file final33.cif (mmCIF, N, CA and C atoms)
data_start
loop_
_atom_site.label_atom_id
_atom_site.label_comp_id
_atom_site.auth_asym_id
_atom_site.auth_seq_id
_atom_site.Cartn_x
_atom_site.Cartn_y
_atom_site.Cartn_z
N VAL A 1 -45.49 1.39 90.20
CA VAL A 1 -45.89 1.45 91.60
C VAL A 1 -47.41 1.48 91.66
N HIS A 2 -47.95 0.62 92.51
CA HIS A 2 -49.39 0.60 92.69
C HIS A 2 -49.77 1.62 93.76
N VAL A 3 -50.55 2.61 93.36
CA VAL A 3 -50.92 3.70 94.24
C VAL A 3 -52.44 3.81 94.29
N VAL A 4 -52.97 3.97 95.47
CA VAL A 4 -54.41 4.14 95.62
C VAL A 4 -54.67 5.45 96.34
N GLU A 5 -55.33 6.35 95.64
CA GLU A 5 -55.76 7.60 96.24
C GLU A 5 -57.25 7.50 96.56
N SER A 6 -57.64 8.10 97.66
CA SER A 6 -59.05 8.08 98.03
C SER A 6 -59.37 9.28 98.88
N GLY A 7 -60.66 9.46 99.13
CA GLY A 7 -61.10 10.52 100.03
C GLY A 7 -61.71 11.72 99.37
N GLY A 8 -61.63 11.80 98.06
CA GLY A 8 -62.25 12.92 97.38
C GLY A 8 -63.77 12.83 97.43
N GLY A 9 -64.40 13.90 96.99
CA GLY A 9 -65.86 13.90 96.99
C GLY A 9 -66.40 15.29 96.78
N SER A 10 -67.70 15.41 96.99
CA SER A 10 -68.38 16.69 96.84
C SER A 10 -68.84 17.17 98.20
N VAL A 11 -68.43 18.38 98.55
CA VAL A 11 -68.78 18.96 99.84
C VAL A 11 -69.21 20.41 99.63
N GLN A 12 -69.70 21.00 100.69
CA GLN A 12 -70.07 22.41 100.64
C GLN A 12 -68.98 23.27 101.26
N VAL A 13 -69.05 24.53 100.96
CA VAL A 13 -68.08 25.48 101.49
C VAL A 13 -68.03 25.38 103.01
N GLY A 14 -66.80 25.36 103.53
CA GLY A 14 -66.60 25.29 104.96
C GLY A 14 -66.45 23.89 105.52
N GLU A 15 -66.77 22.89 104.72
CA GLU A 15 -66.66 21.52 105.19
C GLU A 15 -65.23 21.00 105.02
N SER A 16 -65.04 19.75 105.42
CA SER A 16 -63.69 19.16 105.41
C SER A 16 -63.67 17.84 104.63
N LEU A 17 -62.50 17.51 104.14
CA LEU A 17 -62.23 16.21 103.54
C LEU A 17 -60.83 15.77 103.91
N ARG A 18 -60.62 14.48 103.91
CA ARG A 18 -59.28 13.94 104.17
C ARG A 18 -58.91 13.02 103.01
N LEU A 19 -57.88 13.39 102.30
CA LEU A 19 -57.39 12.58 101.20
C LEU A 19 -56.34 11.61 101.70
N SER A 20 -56.33 10.43 101.11
CA SER A 20 -55.33 9.42 101.45
C SER A 20 -54.64 8.95 100.18
N CYS A 21 -53.40 8.57 100.34
CA CYS A 21 -52.61 8.04 99.22
C CYS A 21 -51.75 6.93 99.80
N VAL A 22 -52.00 5.72 99.34
CA VAL A 22 -51.26 4.56 99.83
C VAL A 22 -50.52 3.93 98.65
N ALA A 23 -49.24 3.69 98.86
CA ALA A 23 -48.40 3.18 97.77
C ALA A 23 -47.73 1.87 98.16
N ALA A 24 -47.84 0.92 97.29
CA ALA A 24 -47.11 -0.34 97.49
C ALA A 24 -45.73 -0.14 96.87
N GLN A 25 -44.87 0.50 97.62
CA GLN A 25 -43.60 0.93 97.06
C GLN A 25 -42.44 0.67 98.00
N TYR A 26 -41.43 0.06 97.44
CA TYR A 26 -40.18 -0.15 98.14
C TYR A 26 -39.56 1.21 98.47
N ALA A 27 -39.05 1.34 99.68
CA ALA A 27 -38.34 2.55 100.12
C ALA A 27 -39.20 3.80 100.09
N PHE A 28 -40.47 3.65 100.40
CA PHE A 28 -41.38 4.81 100.47
C PHE A 28 -40.82 5.88 101.40
N ASN A 29 -40.17 5.44 102.45
CA ASN A 29 -39.69 6.39 103.45
C ASN A 29 -38.48 7.18 103.01
N THR A 30 -38.00 6.98 101.79
CA THR A 30 -36.90 7.79 101.27
C THR A 30 -37.38 8.91 100.35
N CYS A 31 -38.69 8.95 100.11
CA CYS A 31 -39.23 9.89 99.12
C CYS A 31 -39.82 11.13 99.77
N GLU A 32 -39.47 12.29 99.20
CA GLU A 32 -40.26 13.48 99.53
C GLU A 32 -41.61 13.30 98.88
N MET A 33 -42.66 13.57 99.63
CA MET A 33 -44.02 13.39 99.11
C MET A 33 -44.68 14.74 98.93
N ASN A 34 -45.43 14.88 97.86
CA ASN A 34 -46.12 16.12 97.55
C ASN A 34 -47.59 15.86 97.25
N TRP A 35 -48.39 16.86 97.45
CA TRP A 35 -49.75 16.90 96.95
C TRP A 35 -49.83 18.04 95.93
N HIS A 36 -50.35 17.70 94.78
CA HIS A 36 -50.59 18.68 93.73
C HIS A 36 -52.09 18.73 93.46
N ARG A 37 -52.53 19.78 92.82
CA ARG A 37 -53.91 19.83 92.36
C ARG A 37 -53.98 20.54 91.02
N GLN A 38 -55.00 20.19 90.27
CA GLN A 38 -55.22 20.85 89.00
C GLN A 38 -56.71 21.08 88.80
N ALA A 39 -57.07 22.34 88.72
CA ALA A 39 -58.45 22.71 88.45
C ALA A 39 -58.66 22.74 86.95
N SER A 40 -59.89 22.55 86.56
CA SER A 40 -60.22 22.53 85.14
C SER A 40 -59.81 23.83 84.47
N GLY A 41 -59.03 23.74 83.42
CA GLY A 41 -58.61 24.91 82.66
C GLY A 41 -57.48 25.70 83.29
N LYS A 42 -56.92 25.17 84.37
CA LYS A 42 -55.83 25.90 85.06
C LYS A 42 -54.57 25.05 85.12
N GLU A 43 -53.47 25.70 85.41
CA GLU A 43 -52.20 24.99 85.55
C GLU A 43 -52.18 24.20 86.86
N ARG A 44 -51.37 23.17 86.86
CA ARG A 44 -51.21 22.38 88.07
C ARG A 44 -50.54 23.21 89.17
N GLU A 45 -50.97 23.01 90.38
CA GLU A 45 -50.45 23.77 91.53
C GLU A 45 -49.89 22.81 92.57
N LEU A 46 -48.72 23.12 93.07
CA LEU A 46 -48.14 22.36 94.17
C LEU A 46 -48.77 22.85 95.46
N VAL A 47 -49.45 21.97 96.15
CA VAL A 47 -50.20 22.34 97.35
C VAL A 47 -49.39 22.18 98.62
N SER A 48 -48.69 21.04 98.72
CA SER A 48 -47.99 20.75 99.96
C SER A 48 -46.86 19.78 99.70
N THR A 49 -45.80 19.90 100.48
CA THR A 49 -44.67 18.98 100.40
C THR A 49 -44.30 18.50 101.79
N MET A 50 -43.76 17.30 101.87
CA MET A 50 -43.30 16.77 103.15
C MET A 50 -42.03 15.98 102.94
N SER A 51 -41.07 16.20 103.82
CA SER A 51 -39.79 15.52 103.75
C SER A 51 -39.97 14.03 104.03
N PRO A 52 -38.97 13.23 103.68
CA PRO A 52 -39.11 11.77 103.86
C PRO A 52 -39.43 11.35 105.29
N GLY A 53 -38.83 12.03 106.24
CA GLY A 53 -39.08 11.68 107.64
C GLY A 53 -40.28 12.37 108.24
N GLY A 54 -40.88 13.28 107.48
CA GLY A 54 -42.06 13.98 107.97
C GLY A 54 -41.77 15.15 108.88
N THR A 55 -40.50 15.57 108.94
CA THR A 55 -40.15 16.64 109.86
C THR A 55 -40.29 18.03 109.25
N ALA A 56 -40.36 18.11 107.94
CA ALA A 56 -40.46 19.40 107.28
C ALA A 56 -41.63 19.38 106.30
N THR A 57 -42.49 20.38 106.42
CA THR A 57 -43.68 20.47 105.58
C THR A 57 -43.82 21.89 105.06
N THR A 58 -44.24 22.01 103.83
CA THR A 58 -44.52 23.33 103.26
C THR A 58 -45.92 23.32 102.65
N TYR A 59 -46.48 24.51 102.57
CA TYR A 59 -47.82 24.66 102.00
C TYR A 59 -47.85 25.87 101.07
N SER A 60 -48.67 25.80 100.07
CA SER A 60 -48.88 26.96 99.24
C SER A 60 -49.66 28.00 100.04
N ASP A 61 -49.52 29.24 99.66
CA ASP A 61 -50.22 30.31 100.37
C ASP A 61 -51.73 30.11 100.29
N SER A 62 -52.20 29.51 99.23
CA SER A 62 -53.64 29.36 99.05
C SER A 62 -54.28 28.38 100.03
N VAL A 63 -53.49 27.50 100.64
CA VAL A 63 -54.06 26.51 101.55
C VAL A 63 -53.48 26.60 102.96
N LYS A 64 -52.48 27.43 103.14
CA LYS A 64 -51.82 27.52 104.45
C LYS A 64 -52.83 27.89 105.53
N GLY A 65 -52.76 27.16 106.62
CA GLY A 65 -53.68 27.40 107.73
C GLY A 65 -54.98 26.61 107.63
N ARG A 66 -55.23 26.00 106.49
CA ARG A 66 -56.46 25.21 106.31
C ARG A 66 -56.17 23.74 106.04
N PHE A 67 -55.07 23.45 105.35
CA PHE A 67 -54.73 22.08 105.00
C PHE A 67 -53.59 21.59 105.87
N ILE A 68 -53.61 20.31 106.19
CA ILE A 68 -52.55 19.69 106.97
C ILE A 68 -52.13 18.39 106.29
N MET A 69 -50.85 18.33 105.97
CA MET A 69 -50.30 17.12 105.35
C MET A 69 -49.63 16.27 106.42
N SER A 70 -49.77 14.96 106.29
CA SER A 70 -49.11 14.04 107.21
C SER A 70 -48.73 12.78 106.44
N ARG A 71 -47.90 11.97 107.08
CA ARG A 71 -47.51 10.72 106.46
C ARG A 71 -47.28 9.66 107.52
N ASP A 72 -47.47 8.42 107.12
CA ASP A 72 -47.20 7.28 107.98
C ASP A 72 -46.35 6.32 107.16
N ASN A 73 -45.06 6.37 107.37
CA ASN A 73 -44.16 5.57 106.54
C ASN A 73 -44.35 4.07 106.75
N ALA A 74 -44.76 3.70 107.94
CA ALA A 74 -45.01 2.28 108.20
C ALA A 74 -46.16 1.76 107.33
N LYS A 75 -47.11 2.62 107.04
CA LYS A 75 -48.24 2.25 106.20
C LYS A 75 -48.03 2.67 104.74
N ARG A 76 -46.90 3.32 104.47
CA ARG A 76 -46.62 3.80 103.12
C ARG A 76 -47.73 4.70 102.63
N ALA A 77 -48.10 5.63 103.46
CA ALA A 77 -49.25 6.47 103.17
C ALA A 77 -48.98 7.92 103.47
N VAL A 78 -49.62 8.78 102.70
CA VAL A 78 -49.65 10.21 102.99
C VAL A 78 -51.09 10.66 103.00
N TYR A 79 -51.33 11.73 103.72
CA TYR A 79 -52.69 12.21 103.90
C TYR A 79 -52.71 13.72 103.71
N LEU A 80 -53.87 14.22 103.34
CA LEU A 80 -54.07 15.66 103.26
C LEU A 80 -55.42 15.96 103.90
N GLN A 81 -55.35 16.53 105.09
CA GLN A 81 -56.56 16.97 105.78
C GLN A 81 -56.90 18.36 105.28
N MET A 82 -58.06 18.51 104.70
CA MET A 82 -58.47 19.78 104.11
C MET A 82 -59.66 20.32 104.88
N ASN A 83 -59.46 21.44 105.55
CA ASN A 83 -60.50 22.05 106.37
C ASN A 83 -60.95 23.37 105.76
N ASN A 84 -62.12 23.79 106.16
CA ASN A 84 -62.66 25.07 105.71
C ASN A 84 -62.53 25.22 104.18
N LEU A 85 -63.03 24.23 103.50
CA LEU A 85 -62.87 24.20 102.04
C LEU A 85 -63.59 25.34 101.36
N LYS A 86 -62.98 25.82 100.29
CA LYS A 86 -63.52 26.92 99.51
C LYS A 86 -63.82 26.44 98.09
N ILE A 87 -64.63 27.19 97.40
CA ILE A 87 -64.97 26.81 96.03
C ILE A 87 -63.72 26.69 95.17
N GLU A 88 -62.76 27.57 95.41
CA GLU A 88 -61.53 27.55 94.62
C GLU A 88 -60.62 26.36 94.93
N ASP A 89 -60.98 25.56 95.90
CA ASP A 89 -60.23 24.32 96.16
C ASP A 89 -60.69 23.19 95.23
N THR A 90 -61.73 23.42 94.48
CA THR A 90 -62.21 22.40 93.55
C THR A 90 -61.14 22.07 92.53
N ALA A 91 -60.77 20.80 92.45
CA ALA A 91 -59.70 20.36 91.56
C ALA A 91 -59.55 18.85 91.67
N VAL A 92 -58.72 18.31 90.79
CA VAL A 92 -58.26 16.93 90.96
C VAL A 92 -56.96 16.99 91.75
N TYR A 93 -56.89 16.22 92.81
CA TYR A 93 -55.73 16.21 93.69
C TYR A 93 -54.91 14.95 93.44
N TYR A 94 -53.59 15.16 93.35
CA TYR A 94 -52.67 14.07 93.08
C TYR A 94 -51.60 14.00 94.17
N CYS A 95 -51.30 12.81 94.64
CA CYS A 95 -50.10 12.64 95.45
C CYS A 95 -48.96 12.27 94.51
N ALA A 96 -47.75 12.61 94.92
CA ALA A 96 -46.59 12.33 94.07
C ALA A 96 -45.37 12.13 94.94
N ALA A 97 -44.52 11.24 94.51
CA ALA A 97 -43.24 11.00 95.17
C ALA A 97 -42.16 11.64 94.30
N GLU A 98 -41.48 12.62 94.84
CA GLU A 98 -40.48 13.35 94.08
C GLU A 98 -39.18 12.58 93.99
N GLY A 99 -38.44 12.84 92.88
CA GLY A 99 -37.10 12.31 92.76
C GLY A 99 -37.01 11.11 91.85
N ALA A 100 -35.82 10.53 91.86
CA ALA A 100 -35.53 9.39 90.99
C ALA A 100 -36.00 8.09 91.63
N TRP A 101 -35.95 7.04 90.87
CA TRP A 101 -36.36 5.72 91.35
C TRP A 101 -35.65 5.39 92.68
N PRO A 102 -36.37 4.82 93.63
CA PRO A 102 -37.72 4.26 93.56
C PRO A 102 -38.84 5.28 93.76
N CYS A 103 -38.50 6.55 93.85
CA CYS A 103 -39.52 7.60 93.90
C CYS A 103 -39.88 7.96 92.46
N GLY A 104 -40.44 9.15 92.26
CA GLY A 104 -40.73 9.58 90.89
C GLY A 104 -42.00 8.99 90.33
N TRP A 105 -43.05 8.88 91.14
CA TRP A 105 -44.33 8.38 90.64
C TRP A 105 -45.46 9.29 91.10
N TRP A 106 -46.62 9.12 90.46
CA TRP A 106 -47.80 9.90 90.76
C TRP A 106 -49.00 8.98 91.01
N GLY A 107 -49.89 9.45 91.85
CA GLY A 107 -51.16 8.76 92.02
C GLY A 107 -52.10 9.06 90.87
N GLN A 108 -53.24 8.39 90.86
CA GLN A 108 -54.18 8.52 89.75
C GLN A 108 -55.06 9.76 89.86
N GLY A 109 -55.06 10.39 91.01
CA GLY A 109 -55.86 11.59 91.21
C GLY A 109 -57.21 11.28 91.81
N THR A 110 -57.69 12.24 92.60
CA THR A 110 -59.02 12.12 93.20
C THR A 110 -59.71 13.48 93.11
N GLN A 111 -60.96 13.48 92.71
CA GLN A 111 -61.68 14.72 92.47
C GLN A 111 -62.24 15.29 93.77
N VAL A 112 -62.02 16.57 93.97
CA VAL A 112 -62.62 17.30 95.08
C VAL A 112 -63.46 18.42 94.49
N THR A 113 -64.73 18.46 94.87
CA THR A 113 -65.64 19.48 94.37
C THR A 113 -66.27 20.19 95.56
N VAL A 114 -66.13 21.50 95.60
CA VAL A 114 -66.68 22.30 96.68
C VAL A 114 -67.73 23.25 96.09
N SER A 115 -68.91 23.22 96.67
CA SER A 115 -69.98 24.06 96.15
C SER A 115 -70.60 24.89 97.28
N SER A 116 -71.28 25.92 96.89
CA SER A 116 -71.89 26.82 97.89
C SER A 116 -73.29 26.37 98.25
#
call {"tool": "encode", "arguments": {"input": "final33.cif", "output": "structure tokens"}}
result
Amino acid sequence: VHVVESGGGSVQVGESLRLSCVAAQYAFNTCEMNWHRQASGKERELVSTMSPGGTATTYSDSVKGRFIMSRDNAKRAVYLQMNNLKIEDTAVYYCAAEGAWPCGWWGQGTQVTVSS
């Protein structure tokens, strides 16, 4: 699956970023979509999940109230709006489609760096 992640970058504490993940994938609208992140030297963390239809979303406690996940199945895209960023949000962020084929793939990752 050809996946393009974008939107990462370097920002200061309190600023915002919007990550995008676009997949050229058959049946994108059947996949639960997730955002994961992995900070240097730390285990991977599940940040957010969204049901195939976009009606159910979950967030980790560390980002709840600051991050908003959305999806546009017509565009085969998912997004992660990240507000009020903190230094501890610094990580490589990955989108992923959960489950078996045609789901079960990961994006290449995009770096987010937050500094004071």
call {"tool": "select_by_dssp", "arguments": {"input": "final33.cif", "residues": "range 1-70 of chain A", "states": "strand (DSSP E or B)", "output": "PyMOL selection string"}}
result
chain A and resi 2-6+9-12+17-24+33-38+45-50+57-59+67-70
call {"tool": "closest_residue", "arguments": {"input": "final33.cif", "among": "A:Pro102, A:Val114, A:Ser48, A:Ser20", "to": "Ser6 in chain A", "atoms": "only C-alpha atoms"}}
result
A:Ser20
call {"tool": "atom_distance", "arguments": {"input": "final33.cif", "atom1": "CA of Gly8 in chain A", "atom2": "CA of Thr90 in chain A"}}
result
10.2 Å
call {"tool": "residues_around", "arguments": {"input": "final33.cif", "residues": "Arg66 in chain A", "least_positions_apart": "2", "cutoff": "8 Å", "atoms": "only C-alpha atoms", "output": "NGL selection string"}}
result
:A and (63-64 or 68 or 82-85)
call {"tool": "residues_near_point", "arguments": {"input": "final33.cif", "point": "(-57.8, 26.2, 85.7)", "cutoff": "12 Å", "atoms": "only C-alpha atoms", "output": "PyMOL selection string"}}
result
chain A and resi 37-45+88-92
call {"tool": "closest_residue", "arguments": {"input": "final33.cif", "among": "A:Ala97, A:Tyr79, A:Cys103, A:Leu46", "to": "Tyr26 in chain A", "atoms": "only C-alpha atoms"}}
result
A:Cys103
call {"tool": "residues_around", "arguments": {"input": "final33.cif", "residues": "Ala77 in chain A", "least_positions_apart": "6", "cutoff": "8 Å", "atoms": "only C-alpha atoms", "output": "list in words"}}
result
Ser20, Cys21, Val22, Ala23 and Arg71 of chain A
call {"tool": "atom_distance", "arguments": {"input": "final33.cif", "atom1": "atom N of Met50 in chain A", "atom2": "atom C of Phe67 in chain A"}}
result
11.4 Å
call {"tool": "closest_residue", "arguments": {"input": "final33.cif", "among": "A:Asn73, A:Gln81, A:Ser16, A:Ser116", "to": "Phe28 in chain A", "atoms": "all atoms listed in the file"}}
result
A:Asn73
call {"tool": "atom_distance", "arguments": {"input": "final33.cif", "atom1": "CA of Thr110 in chain A", "atom2": "CA of Leu80 in chain A"}}
result
11.8 Å
call {"tool": "resolve_selection", "arguments": {"input": "final33.cif", "expression": "the PyMOL selection byres ((chain A and resi 32) around 5)", "output": "list in words"}}
result
Thr30, Cys31, Met33, Asn34, Met50, Ser51, Pro52, Ala97 and Glu98 of chain A
call {"tool": "closest_residue", "arguments": {"input": "final33.cif", "among": "A:Leu19, A:Ile87, A:Val11, A:Ala74", "to": "Gly109 in chain A", "atoms": "only C-alpha atoms"}}
result
A:Leu19
call {"tool": "resolve_selection", "arguments": {"input": "final33.cif", "expression": "the PyMOL selection byres ((chain A and resi 95) around 6)", "output": "number ranges by chain"}}
result
A: 34-36, 93-94, 96-97, 105-107, 109
call {"tool": "axis_aligned_box", "arguments": {"input": "final33.cif", "around": "range 46-57 of chain A", "padding_each_side": "6 Å", "output": "AutoDock Vina command-line options"}}
result
--center_x -44.5 --center_y 17.2 --center_z 101.5 --size_x 23.4 --size_y 23.8 --size_z 28.8
